[in-house]
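What's in protein.tsv: TSV, C-alpha atoms (C1' of nucleotides) and all ligand atoms
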chain	number	residue	atom	x	y	z
F	16	MET	CA	7.45	-54.63	-54.12
F	17	LEU	CA	8.46	-51.10	-54.87
F	18	ASN	CA	11.68	-49.77	-53.45
F	19	GLU	CA	11.94	-46.51	-51.56
F	20	PHE	CA	12.93	-44.50	-54.61
F	21	ASP	CA	9.91	-45.62	-56.56
F	22	ILE	CA	7.63	-45.04	-53.59
F	23	PHE	CA	8.96	-41.54	-53.21
F	24	LYS	CA	8.70	-40.81	-56.93
F	25	ASP	CA	5.11	-42.02	-56.94
F	26	PHE	CA	4.34	-39.91	-53.91
F	27	LEU	CA	5.79	-36.85	-55.59
F	28	ARG	CA	3.91	-37.44	-58.83
F	29	HIS	CA	0.66	-37.86	-56.96
F	30	HIS	CA	1.13	-34.52	-55.26
F	31	HIS	CA	2.37	-32.68	-58.38
F	32	LEU	CA	5.80	-32.38	-56.85
F	33	ARG	CA	9.09	-32.94	-58.60
F	34	TRP	CA	11.90	-35.44	-58.50
F	35	THR	CA	15.12	-33.49	-58.11
F	36	PRO	CA	18.79	-34.35	-57.62
F	37	GLN	CA	18.65	-32.87	-54.12
F	38	ARG	CA	15.77	-35.09	-53.09
F	39	LYS	CA	17.47	-38.08	-54.61
F	40	LEU	CA	20.70	-37.49	-52.69
F	41	ILE	CA	18.88	-36.86	-49.41
F	42	LEU	CA	16.97	-40.09	-49.78
F	43	GLU	CA	20.15	-41.98	-50.69
F	44	VAL	CA	21.95	-40.76	-47.60
F	45	PHE	CA	18.93	-41.26	-45.37
F	46	ILE	CA	18.34	-44.88	-46.29
F	47	GLU	CA	21.89	-45.92	-45.64
F	48	GLN	CA	21.49	-44.82	-42.02
F	49	GLN	CA	20.14	-47.07	-39.37
F	50	GLY	CA	18.42	-46.25	-36.14
F	51	HIS	CA	17.47	-42.74	-35.13
F	52	ILE	CA	19.27	-39.94	-36.86
F	53	VAL	CA	19.24	-36.21	-36.22
F	54	ILE	CA	19.11	-33.53	-38.92
F	55	GLU	CA	22.56	-32.30	-37.99
F	56	ASP	CA	24.25	-35.64	-38.68
F	57	LEU	CA	22.25	-36.12	-41.83
F	58	HIS	CA	23.31	-32.69	-43.00
F	59	LYS	CA	26.99	-33.43	-42.38
F	60	LYS	CA	26.84	-36.57	-44.48
F	61	ILE	CA	24.94	-34.88	-47.26
F	62	HIS	CA	27.26	-31.91	-47.18
F	63	SER	CA	30.27	-34.16	-47.71
F	64	GLN	CA	28.74	-35.40	-50.95
F	65	ASP	CA	27.29	-32.11	-52.12
F	66	PRO	CA	28.17	-28.96	-50.17
F	67	THR	CA	25.65	-26.87	-52.08
F	68	ILE	CA	22.56	-28.47	-50.55
F	69	GLY	CA	20.99	-26.08	-48.06
F	70	ILE	CA	19.60	-26.96	-44.67
F	71	ALA	CA	16.14	-25.72	-45.63
F	72	THR	CA	15.95	-28.24	-48.45
F	73	LEU	CA	16.90	-30.98	-46.02
F	74	TYR	CA	14.13	-30.02	-43.61
F	75	ARG	CA	11.65	-29.77	-46.46
F	76	THR	CA	12.61	-33.14	-47.86
F	77	MET	CA	12.49	-34.91	-44.51
F	78	LYS	CA	8.96	-33.64	-44.06
F	79	LEU	CA	8.06	-35.08	-47.46
F	80	LEU	CA	9.60	-38.43	-46.53
F	81	VAL	CA	7.49	-38.50	-43.40
F	82	ASP	CA	4.37	-37.69	-45.42
F	83	ALA	CA	5.30	-40.38	-47.90
F	84	GLY	CA	5.48	-42.90	-45.08
F	85	LEU	CA	9.19	-43.55	-45.58
F	86	ALA	CA	10.39	-41.88	-42.41
F	87	ASP	CA	9.17	-41.62	-38.86
F	88	MET	CA	9.86	-38.56	-36.77
F	89	HIS	CA	10.40	-38.78	-33.03
F	90	THR	CA	11.19	-36.26	-30.33
F	91	PHE	CA	13.11	-37.77	-27.43
F	92	ASN	CA	14.83	-35.56	-24.85
F	93	GLU	CA	14.04	-32.38	-26.78
F	94	ARG	CA	15.76	-33.83	-29.83
F	95	THR	CA	14.11	-34.52	-33.15
F	96	THR	CA	15.20	-37.72	-34.83
F	97	TYR	CA	14.20	-39.49	-37.99
F	98	GLU	CA	13.96	-43.19	-38.45
F	99	ARG	CA	13.70	-45.24	-41.60
F	100	LEU	CA	10.28	-46.74	-42.03
F	101	TYR	CA	10.44	-49.23	-44.84
F	102	LYS	CA	9.81	-52.89	-44.32
F	103	VAL	CA	10.28	-52.02	-40.67
F	104	ARG	CA	7.57	-53.13	-38.32
F	105	HIS	CA	5.95	-50.62	-36.08
F	106	HIS	CA	7.62	-50.47	-32.71
F	107	ASP	CA	7.83	-48.33	-29.61
F	108	HIS	CA	10.80	-47.30	-27.51
F	109	LEU	CA	12.44	-47.60	-24.14
F	110	ILE	CA	14.63	-44.55	-23.60
F	111	CYS	CA	17.43	-44.42	-21.06
F	112	LYS	CA	17.50	-41.12	-19.22
F	113	VAL	CA	21.20	-41.60	-18.42
F	114	CYS	CA	22.85	-42.58	-21.69
F	115	GLY	CA	20.09	-41.74	-24.14
F	116	ARG	CA	20.17	-45.21	-25.66
F	117	THR	CA	16.90	-46.44	-27.12
F	118	ILE	CA	15.61	-49.99	-27.08
F	119	GLU	CA	12.91	-51.01	-29.51
F	120	PHE	CA	10.02	-53.27	-28.68
F	121	GLU	CA	6.62	-54.27	-29.88
F	122	HIS	CA	3.74	-55.61	-27.87
F	123	PRO	CA	0.68	-56.73	-29.83
F	124	LEU	CA	-1.60	-56.72	-26.80
F	125	ILE	CA	-0.80	-53.14	-25.96
F	126	GLU	CA	-1.64	-52.17	-29.51
F	127	LYS	CA	-4.86	-54.12	-29.27
F	128	TYR	CA	-5.93	-52.41	-26.05
F	129	GLN	CA	-5.13	-49.04	-27.55
F	130	LEU	CA	-7.66	-49.74	-30.26
F	131	GLU	CA	-10.12	-50.89	-27.67
F	132	VAL	CA	-9.80	-47.63	-25.75
F	133	CYS	CA	-10.34	-45.65	-28.94
F	134	GLU	CA	-13.45	-47.57	-29.86
F	135	ARG	CA	-14.85	-47.03	-26.40
F	136	HIS	CA	-14.55	-43.27	-26.94
F	137	GLY	CA	-15.70	-43.18	-30.55
F	138	PHE	CA	-12.22	-42.09	-31.52
F	139	THR	CA	-10.64	-42.90	-34.87
F	140	LEU	CA	-7.02	-43.81	-34.23
F	141	ARG	CA	-4.49	-42.55	-36.74
F	142	SER	CA	-1.17	-42.87	-34.98
F	143	HIS	CA	0.29	-43.14	-31.56
F	144	ARG	CA	3.35	-42.49	-29.54
F	145	MET	CA	4.49	-44.56	-26.62
F	146	GLU	CA	7.77	-44.01	-24.88
F	147	LEU	CA	8.96	-45.59	-21.67
F	148	PHE	CA	11.63	-43.63	-19.82
F	149	GLY	CA	13.97	-45.05	-17.25
F	150	ILE	CA	17.40	-46.55	-16.74
F	151	CYS	CA	18.85	-49.20	-18.97
F	152	ASN	CA	20.67	-52.34	-17.98
F	153	GLU	CA	24.12	-50.92	-18.69
F	154	CYS	CA	23.60	-47.71	-16.77
F	155	ARG	CA	22.27	-49.41	-13.66
F	156	LYS	CA	25.55	-51.21	-13.05
G	15	MET	CA	-2.62	-35.79	3.97
G	16	LEU	CA	-0.59	-32.75	3.15
G	17	ASN	CA	-2.01	-30.17	0.81
G	18	GLU	CA	-0.18	-28.83	-2.18
G	19	PHE	CA	1.20	-25.81	-0.37
G	20	ASP	CA	2.76	-27.93	2.34
G	21	ILE	CA	4.13	-30.36	-0.18
G	22	PHE	CA	5.73	-27.54	-2.11
G	23	LYS	CA	7.12	-25.93	1.04
G	24	ASP	CA	8.62	-29.24	2.11
G	25	PHE	CA	10.10	-29.73	-1.33
G	26	LEU	CA	11.67	-26.28	-1.22
G	27	ARG	CA	13.11	-26.79	2.26
G	28	HIS	CA	14.59	-30.10	1.23
G	29	HIS	CA	16.38	-28.47	-1.65
G	30	HIS	CA	17.47	-25.38	0.28
G	31	LEU	CA	15.16	-23.23	-1.78
G	32	ARG	CA	12.87	-20.50	-0.52
G	33	TRP	CA	9.18	-19.93	-0.13
G	34	THR	CA	8.40	-16.61	-1.81
G	35	PRO	CA	5.24	-14.60	-2.49
G	36	GLN	CA	5.76	-15.17	-6.22
G	37	ARG	CA	5.87	-18.94	-5.82
G	38	LYS	CA	2.85	-18.83	-3.57
G	39	LEU	CA	0.79	-16.86	-6.10
G	40	ILE	CA	1.83	-19.06	-9.01
G	41	LEU	CA	0.83	-22.17	-7.11
G	42	GLU	CA	-2.47	-20.58	-6.10
G	43	VAL	CA	-3.36	-19.74	-9.67
G	44	PHE	CA	-2.13	-23.07	-11.00
G	45	ILE	CA	-4.20	-25.22	-8.67
G	46	GLU	CA	-7.43	-23.45	-9.46
G	47	GLN	CA	-7.05	-24.46	-13.12
G	48	GLN	CA	-8.29	-27.72	-14.45
G	49	GLY	CA	-7.15	-29.72	-17.42
G	50	HIS	CA	-4.16	-28.81	-19.52
G	51	ILE	CA	-3.00	-25.25	-19.30
G	52	VAL	CA	-0.38	-23.39	-21.32
G	53	ILE	CA	2.12	-20.95	-19.87
G	54	GLU	CA	0.57	-18.08	-21.77
G	55	ASP	CA	-2.84	-18.49	-20.11
G	56	LEU	CA	-1.27	-19.04	-16.75
G	57	HIS	CA	0.72	-15.87	-17.19
G	58	LYS	CA	-2.36	-13.84	-18.08
G	59	LYS	CA	-4.16	-14.94	-14.94
G	60	ILE	CA	-1.15	-14.33	-12.74
G	61	HIS	CA	-0.54	-10.97	-14.36
G	62	SER	CA	-4.07	-9.85	-13.52
G	63	GLN	CA	-3.36	-10.45	-9.85
G	64	ASP	CA	0.19	-9.18	-9.80
G	65	PRO	CA	1.55	-7.48	-12.94
G	66	THR	CA	5.08	-7.42	-11.58
G	67	ILE	CA	5.69	-11.16	-11.81
G	68	GLY	CA	8.01	-11.88	-14.72
G	69	ILE	CA	7.65	-14.66	-17.23
G	70	ALA	CA	11.02	-16.12	-16.26
G	71	THR	CA	9.84	-16.64	-12.70
G	72	LEU	CA	6.78	-18.42	-14.01
G	73	TYR	CA	8.88	-20.79	-16.11
G	74	ARG	CA	11.22	-21.39	-13.21
G	75	THR	CA	8.41	-22.10	-10.80
G	76	MET	CA	6.57	-24.44	-13.13
G	77	LYS	CA	9.74	-26.46	-13.44
G	78	LEU	CA	9.93	-26.67	-9.67
G	79	LEU	CA	6.31	-27.81	-9.47
G	80	VAL	CA	7.08	-30.57	-11.94
G	81	ASP	CA	10.11	-31.63	-9.90
G	82	ALA	CA	8.00	-31.55	-6.76
G	83	GLY	CA	5.52	-33.91	-8.38
G	84	LEU	CA	2.70	-31.39	-8.30
G	85	ALA	CA	2.51	-30.75	-12.03
G	86	ASP	CA	2.85	-32.84	-15.13
G	87	MET	CA	4.24	-31.38	-18.34
G	88	HIS	CA	3.04	-32.52	-21.74
G	89	THR	CA	3.85	-31.54	-25.28
G	90	PHE	CA	0.96	-32.08	-27.67
G	91	ASN	CA	0.96	-30.55	-31.16
G	92	GLU	CA	4.13	-28.57	-30.48
G	93	ARG	CA	2.51	-26.99	-27.46
G	94	THR	CA	3.69	-27.34	-23.89
G	95	THR	CA	0.95	-27.73	-21.33
G	96	TYR	CA	0.92	-28.27	-17.60
G	97	GLU	CA	-1.54	-30.38	-15.71
G	98	ARG	CA	-2.27	-30.56	-12.01
G	99	LEU	CA	-1.01	-33.75	-10.47
G	100	TYR	CA	-2.42	-34.01	-7.00
G	101	LYS	CA	-4.78	-36.73	-5.96
G	102	VAL	CA	-5.19	-37.22	-9.69
G	103	ARG	CA	-4.72	-40.73	-10.97
G	104	HIS	CA	-2.23	-41.36	-13.69
G	105	HIS	CA	-3.83	-41.30	-17.09
G	106	ASP	CA	-2.95	-41.11	-20.75
G	107	HIS	CA	-4.48	-39.12	-23.59
G	108	LEU	CA	-6.37	-39.33	-26.83
G	109	ILE	CA	-5.64	-36.22	-28.85
G	110	CYS	CA	-7.82	-35.03	-31.71
G	111	LYS	CA	-5.76	-33.80	-34.64
G	112	VAL	CA	-8.67	-31.65	-35.83
G	113	CYS	CA	-9.87	-29.74	-32.78
G	114	GLY	CA	-7.02	-30.40	-30.38
G	115	ARG	CA	-9.36	-31.71	-27.70
G	116	THR	CA	-7.89	-34.27	-25.34
G	117	ILE	CA	-9.68	-37.23	-23.81
G	118	GLU	CA	-8.24	-38.89	-20.75
G	119	PHE	CA	-8.19	-42.60	-20.15
G	120	GLU	CA	-6.51	-45.22	-18.08
G	121	HIS	CA	-5.99	-48.85	-18.90
G	122	PRO	CA	-4.46	-51.01	-16.17
G	123	LEU	CA	-3.53	-53.82	-18.53
G	124	ILE	CA	-1.56	-51.53	-20.78
G	125	GLU	CA	0.35	-50.29	-17.76
G	126	LYS	CA	0.94	-53.85	-16.68
G	127	TYR	CA	2.33	-54.88	-20.05
G	128	GLN	CA	4.58	-51.84	-20.08
G	129	LEU	CA	6.18	-53.09	-16.90
G	130	GLU	CA	6.47	-56.53	-18.39
G	131	VAL	CA	8.33	-55.18	-21.41
G	132	CYS	CA	10.72	-53.28	-19.15
G	133	GLU	CA	11.48	-56.31	-17.04
G	134	ARG	CA	12.19	-58.34	-20.14
G	135	HIS	CA	14.86	-55.79	-21.11
G	136	GLY	CA	16.32	-55.25	-17.65
G	137	PHE	CA	15.05	-51.69	-17.79
G	138	THR	CA	14.01	-49.72	-14.73
G	139	LEU	CA	10.86	-47.80	-15.61
G	140	ARG	CA	10.60	-44.30	-14.25
G	141	SER	CA	7.89	-42.67	-16.32
G	142	HIS	CA	6.14	-43.04	-19.59
G	143	ARG	CA	4.26	-41.16	-22.23
G	144	MET	CA	1.48	-42.58	-24.31
G	145	GLU	CA	-0.57	-40.49	-26.67
G	146	LEU	CA	-3.07	-41.71	-29.22
G	147	PHE	CA	-3.69	-39.33	-32.08
G	148	GLY	CA	-6.72	-39.36	-34.33
G	149	ILE	CA	-10.15	-37.86	-34.84
G	150	CYS	CA	-12.67	-37.43	-32.06
G	151	ASN	CA	-16.34	-38.21	-32.11
G	152	GLU	CA	-17.40	-34.59	-32.62
G	153	CYS	CA	-15.03	-33.92	-35.47
G	154	ARG	CA	-15.97	-37.02	-37.41
G	155	LYS	CA	-19.55	-35.82	-37.89
T	17	DC	C1'	15.74	-7.71	16.41
T	18	DC	C1'	19.98	-7.37	13.22
T	19	DC	C1'	23.46	-9.65	10.28
T	20	DC	C1'	24.94	-12.23	6.70
T	21	DT	C1'	24.97	-15.71	3.39
T	22	DT	C1'	22.75	-17.20	-0.39
T	23	DA	C1'	18.58	-17.76	-3.14
T	24	DT	C1'	15.37	-15.11	-5.95
T	25	DT	C1'	13.68	-11.78	-8.77
T	26	DG	C1'	12.44	-9.16	-13.22
T	27	DA	C1'	14.20	-7.13	-17.34
T	28	DT	C1'	16.18	-8.29	-21.15
T	29	DA	C1'	19.61	-10.43	-24.10
T	30	DA	C1'	20.56	-14.68	-26.20
T	31	DC	C1'	19.63	-19.06	-27.99
T	32	DG	C1'	18.38	-22.47	-31.48
T	33	DA	C1'	15.55	-25.35	-34.12
T	34	DA	C1'	12.50	-24.75	-37.50
T	35	DT	C1'	10.08	-21.93	-40.92
T	36	DA	C1'	9.09	-17.98	-44.08
T	37	DT	C1'	10.71	-15.12	-47.77
T	38	DC	C1'	12.27	-14.40	-52.29
T	39	DA	C1'	14.68	-14.05	-56.58
T	40	DA	C1'	17.04	-17.28	-59.47
T	41	DT	C1'	16.74	-21.76	-61.47
T	42	DA	C1'	15.11	-26.39	-62.63
T	43	DT	C1'	11.48	-29.61	-63.82
T	44	DA	C1'	8.18	-31.73	-66.67
T	45	DA	C1'	4.02	-31.44	-69.33
T	46	DT	C1'	2.55	-29.71	-73.74
K	21	DA	C1'	11.23	-25.30	-77.36
K	22	DT	C1'	7.83	-23.11	-74.54
K	23	DT	C1'	5.58	-22.37	-70.48
K	24	DA	C1'	3.65	-22.80	-66.01
K	25	DT	C1'	4.96	-23.81	-61.73
K	26	DA	C1'	7.70	-26.26	-58.34
K	27	DT	C1'	12.27	-25.99	-56.18
K	28	DT	C1'	16.32	-24.22	-54.62
K	29	DG	C1'	19.83	-21.91	-51.31
K	30	DA	C1'	20.79	-17.90	-48.75
K	31	DT	C1'	19.18	-15.60	-45.28
K	32	DA	C1'	15.86	-13.23	-42.30
K	33	DT	C1'	12.53	-14.29	-38.98
K	34	DT	C1'	9.94	-16.55	-35.57
K	35	DC	C1'	8.99	-17.89	-30.97
K	36	DG	C1'	9.26	-20.59	-26.83
K	37	DT	C1'	12.52	-21.05	-23.59
K	38	DT	C1'	16.83	-20.19	-21.06
K	39	DA	C1'	20.95	-17.44	-19.53
K	40	DT	C1'	22.69	-13.28	-17.55
K	41	DC	C1'	23.03	-10.07	-13.99
K	42	DA	C1'	22.48	-6.46	-10.72
K	43	DA	C1'	19.15	-5.45	-7.23
K	44	DT	C1'	16.44	-7.44	-3.63
K	45	DA	C1'	14.52	-10.75	-0.41
K	46	DA	C1'	14.48	-14.91	2.55
K	47	DG	C1'	15.66	-17.11	6.56
K	48	DG	C1'	19.00	-19.15	9.87
K	49	DG	C1'	22.17	-17.82	13.75
K	50	DG	C1'	23.12	-14.89	17.21
R	1	MN	MN	13.12	-47.04	-33.45
R	2	MN	MN	-4.73	-35.02	-18.66
R	3	ZN	ZN	21.52	-46.16	-20.33
R	4	ZN	ZN	-11.90	-33.24	-32.44
Any chance you could put this one into structure tokens?
Ligand SMILES: [Mn+2]
Ligand SMILES: [Mn+2]
Ligand SMILES: [Zn+2]
Ligand SMILES: [Zn+2]
Amino acid sequence: MLNEFDIFKDFLRHHHLRWTPQRKLILEVFIEQQGHIVIEDLHKKIHSQDPTIGIATLYRTMKLLVDAGLADMHTFNERTTYERLYKVRHHDHLICKVCGRTIEFEHPLIEKYQLEVCERHGFTLRSHRMELFGICNECRK
Amino acid sequence: MLNEFDIFKDFLRHHHLRWTPQRKLILEVFIEQQGHIVIEDLHKKIHSQDPTIGIATLYRTMKLLVDAGLADMHTFNERTTYERLYKVRHHDHLICKVCGRTIEFEHPLIEKYQLEVCERHGFTLRSHRMELFGICNECRK
DNA sequence: CCCCTTATTGATAACGAATATCAATATAAT
DNA sequence: ATTATATTGATATTCGTTATCAATAAGGGG
């Protein structure tokens, strides 16, 4: 199986885009993160390795990673986060309104019923977003 | 059962807030809309009845209506919309990525499994968001 | 009804995340 | 190497929303 670098390179080639040192570094830093990461934190880490990389390039590259299927973008609590999406199963999130913590889960039946609903409406499903908001175990204490 | 005006008045009293002509007009215009409405359209309609009402007051009042449980706020395709929430059953949305149309649906089993997931994680569910993105029947043709 | 505290208002400045612009530079195909 | 074109970083710009603030209004007590 191809690794993320090869997947990204292939994606770029396919779209007549170019493999650059900036894109390489951004991908390197991104894949060593885990969980949901915001642009700001990503930028700090990238900046510490190469202070010349501009914020615009980071935004542009993250968009490419999403298009390439290597990153997933979420917006929780007015905040945009990116999540690695490589050999990671699809999942949805519980989001604590108090501490902001997210809990990941998957529920095959829910996914199945989503498809059912779409079929019933002649709708071709491409992606979905499901977020459950509330109060987590820790914050209830 | 109380109507929306009484509910809003009660809400305001409870929070030591005041019933004003501006809030009355905004609620009047809001409840005669159906479906998902953006601030801009709401503002146009309000402006035609009273050009002196400022946009800030509209934003402030819509937030109050959400808090009072009379309006629901969504963000589809980077656009914030408000939806009337009075004697309207909870529902989720299919959103066409081509034409932007939304289709409403409800699925009791999905809701049930959502609760199940929350219980399993000791999570107290307060609200949720579920949006299915894809291509609608019209746009596929 | 008046008084008085406090909420509300509208105009407008400010914010901030994300994007557009653009001239200089780098990439990769030939 | 040459060449066409994609990319870059700095920076200006966008735009929906919120903060500021002085003037005004609401509404409870008397
Ligand atoms: Mn996740
Ligand atoms: Mn709806
Ligand atoms: Zn929590
Ligand atoms: Zn459509």
(request) Using all atoms listed in the file, find the residues of chain K whose closest atom to chain G is at most 10 Å away, then write them as a list in words. (result)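 Output check: DG36, DT37, DT38, DA45, DA46 and DG47 of chain K.
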(request) Give as an NGL selection string every residue, naming chains and numbers as the document does, that has an atom within 9 Å of (3.9, -16.6, -16.8), counting only C-alpha atoms (C1' of nucleotides). (result) :G and (40 or 53-61 or 67-73)
(request) Compute the set of protein, DNA and RNA residues whose minimum atom distance to ligand ZN 3 (chain R) is at most 9 Å, using all atoms listed in the file, and state it as JSON, numbers by chain. (result) {"F": [110, 111, 112, 113, 114, 115, 116, 117, 149, 150, 151, 152, 153, 154, 155], "G": [137]}
The coordinates of chain G, once least-squares superposed on chain F over all sequentially paired C-alpha atoms, should be supplied as a compact mmCIF listing (two decimals) with C-alpha atoms, in the frame of the given file.
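The result, written out as out-v1.txt:
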# COMPACT_ATOMS: atom_id res chain seq x y z
CA MET G 15 7.26 -54.53 -54.11
CA LEU G 16 8.31 -51.02 -54.88
CA ASN G 17 11.54 -49.71 -53.47
CA GLU G 18 11.84 -46.48 -51.59
CA PHE G 19 12.85 -44.45 -54.62
CA ASP G 20 9.80 -45.53 -56.57
CA ILE G 21 7.55 -44.94 -53.62
CA PHE G 22 8.91 -41.44 -53.22
CA LYS G 23 8.64 -40.72 -56.94
CA ASP G 24 5.03 -41.89 -56.94
CA PHE G 25 4.30 -39.77 -53.90
CA LEU G 26 5.79 -36.72 -55.59
CA ARG G 27 3.87 -37.28 -58.82
CA HIS G 28 0.64 -37.66 -56.91
CA HIS G 29 1.16 -34.34 -55.24
CA HIS G 30 2.39 -32.53 -58.35
CA LEU G 31 5.84 -32.23 -56.87
CA ARG G 32 9.13 -32.85 -58.62
CA TRP G 33 11.90 -35.38 -58.51
CA THR G 34 15.14 -33.44 -58.09
CA PRO G 35 18.81 -34.36 -57.65
CA GLN G 36 18.69 -32.88 -54.15
CA ARG G 37 15.78 -35.08 -53.11
CA LYS G 38 17.45 -38.09 -54.64
CA LEU G 39 20.69 -37.53 -52.71
CA ILE G 40 18.89 -36.89 -49.43
CA LEU G 41 16.93 -40.10 -49.80
CA GLU G 42 20.09 -42.01 -50.72
CA VAL G 43 21.90 -40.83 -47.63
CA PHE G 44 18.88 -41.30 -45.39
CA ILE G 45 18.25 -44.92 -46.32
CA GLU G 46 21.81 -45.98 -45.68
CA GLN G 47 21.45 -44.88 -42.04
CA GLN G 48 20.09 -47.12 -39.38
CA GLY G 49 18.39 -46.28 -36.14
CA HIS G 50 17.46 -42.78 -35.12
CA ILE G 51 19.28 -40.00 -36.87
CA VAL G 52 19.28 -36.27 -36.22
CA ILE G 53 19.18 -33.61 -38.91
CA GLU G 54 22.64 -32.41 -37.98
CA ASP G 55 24.29 -35.77 -38.71
CA LEU G 56 22.27 -36.21 -41.84
CA HIS G 57 23.38 -32.79 -43.00
CA LYS G 58 27.04 -33.57 -42.39
CA LYS G 59 26.87 -36.70 -44.50
CA ILE G 60 24.96 -34.99 -47.28
CA HIS G 61 27.32 -32.03 -47.18
CA SER G 62 30.31 -34.31 -47.72
CA GLN G 63 28.77 -35.53 -50.96
CA ASP G 64 27.37 -32.23 -52.13
CA PRO G 65 28.27 -29.08 -50.16
CA THR G 66 25.76 -26.97 -52.07
CA ILE G 67 22.65 -28.55 -50.56
CA GLY G 68 21.11 -26.14 -48.07
CA ILE G 69 19.73 -27.02 -44.68
CA ALA G 70 16.28 -25.74 -45.63
CA THR G 71 16.06 -28.25 -48.45
CA LEU G 72 16.98 -31.00 -46.03
CA TYR G 73 14.22 -30.00 -43.62
CA ARG G 74 11.75 -29.73 -46.45
CA THR G 75 12.65 -33.10 -47.86
CA MET G 76 12.54 -34.88 -44.53
CA LYS G 77 9.03 -33.58 -44.07
CA LEU G 78 8.10 -34.99 -47.45
CA LEU G 79 9.60 -38.37 -46.54
CA VAL G 80 7.49 -38.42 -43.40
CA ASP G 81 4.37 -37.57 -45.41
CA ALA G 82 5.27 -40.27 -47.90
CA GLY G 83 5.44 -42.80 -45.09
CA LEU G 84 9.13 -43.48 -45.60
CA ALA G 85 10.37 -41.83 -42.41
CA ASP G 86 9.14 -41.58 -38.87
CA MET G 87 9.86 -38.52 -36.76
CA HIS G 88 10.40 -38.74 -33.02
CA THR G 89 11.20 -36.25 -30.33
CA PHE G 90 13.11 -37.76 -27.42
CA ASN G 91 14.83 -35.57 -24.83
CA GLU G 92 14.10 -32.39 -26.77
CA ARG G 93 15.80 -33.84 -29.81
CA THR G 94 14.15 -34.53 -33.14
CA THR G 95 15.22 -37.73 -34.82
CA TYR G 96 14.20 -39.48 -38.00
CA GLU G 97 13.93 -43.19 -38.47
CA ARG G 98 13.64 -45.24 -41.63
CA LEU G 99 10.20 -46.70 -42.06
CA TYR G 100 10.33 -49.20 -44.86
CA LYS G 101 9.70 -52.86 -44.35
CA VAL G 102 10.25 -52.02 -40.70
CA ARG G 103 7.58 -53.16 -38.30
CA HIS G 104 5.96 -50.66 -36.05
CA HIS G 105 7.64 -50.50 -32.69
CA ASP G 106 7.83 -48.35 -29.60
CA HIS G 107 10.79 -47.27 -27.49
CA LEU G 108 12.43 -47.54 -24.12
CA ILE G 109 14.59 -44.48 -23.59
CA CYS G 110 17.39 -44.32 -21.04
CA LYS G 111 17.45 -41.00 -19.22
CA VAL G 112 21.14 -41.47 -18.41
CA CYS G 113 22.81 -42.44 -21.68
CA GLY G 114 20.04 -41.63 -24.13
CA ARG G 115 20.15 -45.11 -25.65
CA THR G 116 16.89 -46.37 -27.10
CA ILE G 117 15.62 -49.93 -27.05
CA GLU G 118 12.93 -50.98 -29.47
CA PHE G 119 10.07 -53.26 -28.62
CA GLU G 120 6.68 -54.30 -29.83
CA HIS G 121 3.81 -55.65 -27.81
CA PRO G 122 0.75 -56.78 -29.76
CA LEU G 123 -1.52 -56.79 -26.73
CA ILE G 124 -0.74 -53.20 -25.91
CA GLU G 125 -1.60 -52.25 -29.46
CA LYS G 126 -4.79 -54.23 -29.21
CA TYR G 127 -5.88 -52.51 -26.02
CA GLN G 128 -5.11 -49.14 -27.55
CA LEU G 129 -7.63 -49.88 -30.26
CA GLU G 130 -10.09 -51.04 -27.66
CA VAL G 131 -9.79 -47.76 -25.77
CA CYS G 132 -10.35 -45.80 -28.97
CA GLU G 133 -13.44 -47.76 -29.89
CA ARG G 134 -14.86 -47.20 -26.44
CA HIS G 135 -14.57 -43.44 -27.00
CA GLY G 136 -15.73 -43.38 -30.62
CA PHE G 137 -12.25 -42.25 -31.60
CA THR G 138 -10.65 -43.07 -34.93
CA LEU G 139 -7.02 -43.96 -34.27
CA ARG G 140 -4.51 -42.70 -36.78
CA SER G 141 -1.18 -42.97 -35.02
CA HIS G 142 0.26 -43.22 -31.59
CA ARG G 143 3.33 -42.53 -29.55
CA MET G 144 4.46 -44.58 -26.62
CA GLU G 145 7.75 -44.00 -24.89
CA LEU G 146 8.93 -45.55 -21.66
CA PHE G 147 11.58 -43.58 -19.84
CA GLY G 148 13.93 -44.96 -17.23
CA ILE G 149 17.37 -46.43 -16.71
CA CYS G 150 18.86 -49.10 -18.93
CA ASN G 151 20.70 -52.21 -17.92
CA GLU G 152 24.14 -50.75 -18.63
CA CYS G 153 23.58 -47.55 -16.72
CA ARG G 154 22.25 -49.25 -13.62
CA LYS G 155 25.56 -51.01 -12.98
(request) Counting only C-alpha atoms (C1' of nucleotides) and all ligand atoms, name the residues that have an atom within 12 Å of an atom of ligand MN 1 (chain R); the answer should be given as an MDAnalysis selection string. (result) chainID F and resid 49:52 86:91 96:101 103:110 116:121 144:146
